[in-house]
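Engineer: Before anything else, here's the structure in question.
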Amino acid sequence: MPHDLPKAYDPTAIEDHWAGYWVRENLFAQPTPEGQRLDGQSARSCAQPAFVILLPPPNVTGRLHMGHMLNQTEMDILTRWRRMSGRRALWLPGTDHAGIATQMMVERQVHADGSSRQQLGREKFVERVWEWKRHYGGAILEQMKRLGVSVDWSREYFTMDARLSVAVREAFVRLYEQGLIYRGAYIVNWCPRCQTAISDLEVVHEEQKGHLWEIRYPVIGDGGKETGEFITVATTRPETMLGDTAVAIHPEDERYLHLHGKKLRLPLMNREVPIILDGWVSREFGTGAVKVTPAHDPNDFAMGERHHLPSINVMDDRGHINENGGTYAGPDRYVARKKIVADLEAQGLLAAVKDYTNNVGHCDRCKTVVEPRLSTQWFIKIQPLADKAIAAVKPDANGNKAIRFTPENYERIYLEWMNNIHDWCISRQLWWGHRIPAWHCAVCHEITVARVDPTACGHCGSTEITQETDVLDTWFSSGLLPVSVFGWPNITSETRADFDAFYPTSLLVTGFDILFFWVARMIMLGCWFSADVPMPDGSPRQLGDSVPFRDVYIHALVRDANREKMSKTKGNVIDPIEIVKQYGTDAVRFTLASMASPGTDIAFNVARTEGYRAFANKIWNAARFIFMQRDRYLQETGSHISFPAIDLNAVDRSEAIFAGAYPAYPGAGSPESDSTGPLEHRWIIARLIATAAAVNSSLENYRFDEAASSIYRFFWGDLCDWYLEIVKLSLDPAKPNGLEKLMALLVLLAVFESSLRLLSPFMPFITEELWHAYYDGHPPAKSIALTPYPRSSTWTVDQRPIEEMELLQNLIVEVRALRKEIGVEEKALVPIEVRTHATAREIFTTNRDIIERLARVSEVRFVEQISAGQSKHHTTAFDVGVVYERTVDAAAERERLTRDIAKYEKGLAAAERQLNNEAFLKKAPPQVVEGLKKQEAETRVLLEKARAALEGLSEGPG
RNA sequence: AGGCGCGUAGCUCAGUUGGUUAGAGCGCUUCCUUGACACGGAAGAGGUCGUUGGUUCGAAUCCAAUCGUGCCUACCA
């Protein structure tokens, strides 16, 4: 037997195999189009529109988590679907050097060796990081391979690759030349642990219980002597008082009017500081007086600028008090705080200590409390870039947006942020990253920024120059990826083709957590730099073509089953690889897809995954059944079925299959024109086409959940529960191997094969395995992923078989329910009585054998009236009774009927109320009125039937 | 402090311009090991759509308030 598949589906056995096969065969490589700009009739692929996705590069230090898996599942579904739909699909993978994260990790390693970053020195340390990267970096990509993502591995990049570093440098130099990069001393968020500046986005605020210390600053009179009066200031960080250079009050605050122009003695430091008047001060908060520490608070810094105050930085890089702190120099900020508070108290200058809860900024990476601190950093003057990035999402004159967000509300969030954007601090005091290409001159103190390492100062010619030690924010390089991966800035004849073919990319799929970090930066930098690259035809590039991507799909956050955010500290992290091992990749993918409805977070629940593992098993067993039938037919007839040749150019493959299958049935053309063929075949084909249409349109709208459930319902509900059961009649081994059997086999095979293709983007492994088994070692393509996706473009869904089948299904369901109610044994065959109209009668007659098999019926009797004393069910289309000698459970029957009657009465009353309402008849659309009228009539019929039945029950023998 | 989102069956969620008697999966109950599958089949039970008010012929859907809940943004010391 060629198809000796095991009884239960075991994903682990096949997934590794195919994952390896896809990588080995390089199936998803999308090479640079050759000469597409020169001769119009080059590769046929060039005629197809491209579909390009950039993988949000995971950190080299990263490990796959559920968020990645969701993200990648969505991208893979879309990429596989677009690829199968005839697009030139390119999904580009890579990793990010992740400055702080990676440096921290290697530092820990160095520490474990008893050394330190400082001891090693910059060069050796960086070499060490590279070494680490070579050995352990990118493990996450290996995990991705196991998931079977259909990326182009031949294009894998790393953000520190020479090619991409060139782009980073060029971008920096250009911005500098354009006057958009400046260097200056400003308050930045300083992480004392990482010893680097971090951007606003890298600070996470957390409510924290603390104190508000109120400190008395003595007022100094004219003679330089204390007047005995005090101004009390409130602060959450008393240690910063060491750097106070003023105290600010509101100009109109009556409490302090008499002190205008006076000075104060700064306690502990014994320094005179002025009282300044500033409207920023709130009279209501605290004491209405604010100590001003320009070097350690952004507001104070601003006031310092306004009032020309000196800035005294009292902390070093580690957050220890420096020499400006006088006798307090040395200890850590919190140690110093204790001492300062104690000393103030001893001197009677501590007015109060109040409990106070405020938002404290922590370093996103290491959770250390961030210290606002004056330091010299590099910034990008962001407004000009932001202007373009804002224009890119707003509708143009024709109402088109260059970038479209899904869900739409992220557009507003994006604009909100963009409109309030601050200059971007791009320097980091790290060693791992792109070193800023600027050289400081020891002689003239000017800065030289250059594309090629200079040997002399560009201003005075001195050779005493040293390179800037800072590196660039990691997001600076990742923000450039959409242009840099396609060759920018070196748009040579070779890279030109890549850029022309793939930029702008089609879609970005990502989580909202990096909307500002990454998405916004890519839009700003992408629009800015690609604008200089002319279009393939040489014309200037407009904004609409300079955006880095046309669509942004923001997906949900994956939480645990209790809706908690997954985090290492909570220990509730679900390792996708573990789940995958347990249930199979396909089941996990399908879980994520089916829960990925836009806008809501996903509470990942393995119960759901168990369900989809069962689905995979169902598919597997359907295949076993189908292959078994085919094998038997082939064995018995000694012939073999010639499958219609697959036409890889045809997007609509179903057509070919059915055209091939149907001629086998005498007098039949295509199922479209054929109304004489067996109902079940026409029905399953109509359902397949309808499902394909639904899936395609759901995917267009990123409704993975809808698409998944359409397929699920079709495969399990329609194909397995009904069609397979019905078709067993034709495939009965007792029947001769005639045309009936052949046609059933052909339709079954064709529908099954199409279903595999339909399902393939969602469950790539099992479909690949079964598809190869289907072709028995001679597949028409290397992979199901390279075959056309079922589409319904040329077929309209024929509603007739669907309606007819529904009628048949209803009858079967009613009979089964009846049997259950009156306690007919499962195996017993019973006659049924059916009262119905001519049309239904014909359908039931034609498909009598289906009714008999699926409802376990021995005989279908058409009657004018269901015999008295029998249990019966009513629908609007028919009445049906089961002929059975067992006595009816009158009580249960009465209860059911009473319940039904109540339901019908309620529905009827509601409908009548509406229909008697003139306003409704006048204002509601006609089809709604018609629908309601029809419903009213139907309900009336059902009500009458139920009433009659109840009456008969009371009168009859019971 | 502002902004956004959510609250629908025991659980997890659909329900996209307001329109017929609100759906699915899991779980639960009962029956069935029939030659694809017990990771299965069949039949069921289960919801006044957080609360209150409003708009409307008609509200899970729109508006307001309220309660609960989650998140994002913010320089009040």
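Within each chain, counting starts at residue 1; across the structure tokens, chains are named A, B, ... in the order shown, with ligands numbered 1 upward in that order.
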When the cut-off is 8 Å and we count only C-alpha atoms (C1' of nucleotides), which residues of chain A are near chain B, given as JSON, numbers by chain?
Structural biologist: {"A": [7, 8, 234, 235, 236, 281, 282, 285, 286, 290, 291, 298, 299, 595, 603, 605, 607, 608, 610, 611, 613, 614, 615, 617, 618, 621, 622, 623, 624, 625, 626, 816, 817, 820, 826, 907, 914, 917, 918, 919, 920, 921, 923, 924, 928, 931, 932, 935]}
Engineer: Excluding segment 162-169 of chain A and its own-chain neighbours fewer than 2 positions away, which residues fall within 8 Å of it when counting only C-alpha atoms (C1' of nucleotides)? Please give them as JSON, numbers by chain.
Structural biologist: {"A": [158, 159, 160, 171, 172, 173, 434, 436, 437, 451, 476, 477, 480, 481, 484, 485, 487, 488, 489]}
Engineer: Identify which of the residues B:G54, B:A9, B:G15, B:C63 lies closest to C28 of chain B, counting only C-alpha atoms (C1' of nucleotides) when measuring atom-to-atom distances.
Structural biologist: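 Using only C-alpha atoms (C1' of nucleotides), the shortest distance to C28 of chain B belongs to B:A9.
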Engineer: Skipping near chain neighbours, those fewer than 4 positions away, what residues fall within 12 Å of G68 of chain B using only C-alpha atoms (C1' of nucleotides), listed as a ChimeraX atom specification?
Structural biologist: /B:6-7,50-51
Engineer: Those selected residues, please, written with C-alpha atoms (C1' of nucleotides) and delivered as a tab-separated table (two decimals), in the first residue's frame.
Structural biologist:
chain	number	residue	atom	x	y	z
B	6	C	C1'	-12.51	46.24	26.68
B	7	G	C1'	-17.01	44.15	29.60
B	50	G	C1'	-21.80	45.16	32.91
B	51	U	C1'	-25.66	48.86	34.88
Engineer: Taking the DSSP assignment computed from this structure's backbone, write out as a ChimeraX atom specification all residues of segment 145-282 of chain A that belong to strand (DSSP E or B).
Structural biologist: /A:157-158,181-191,196-198,203-220,226-235,246-249,263-266,271-277
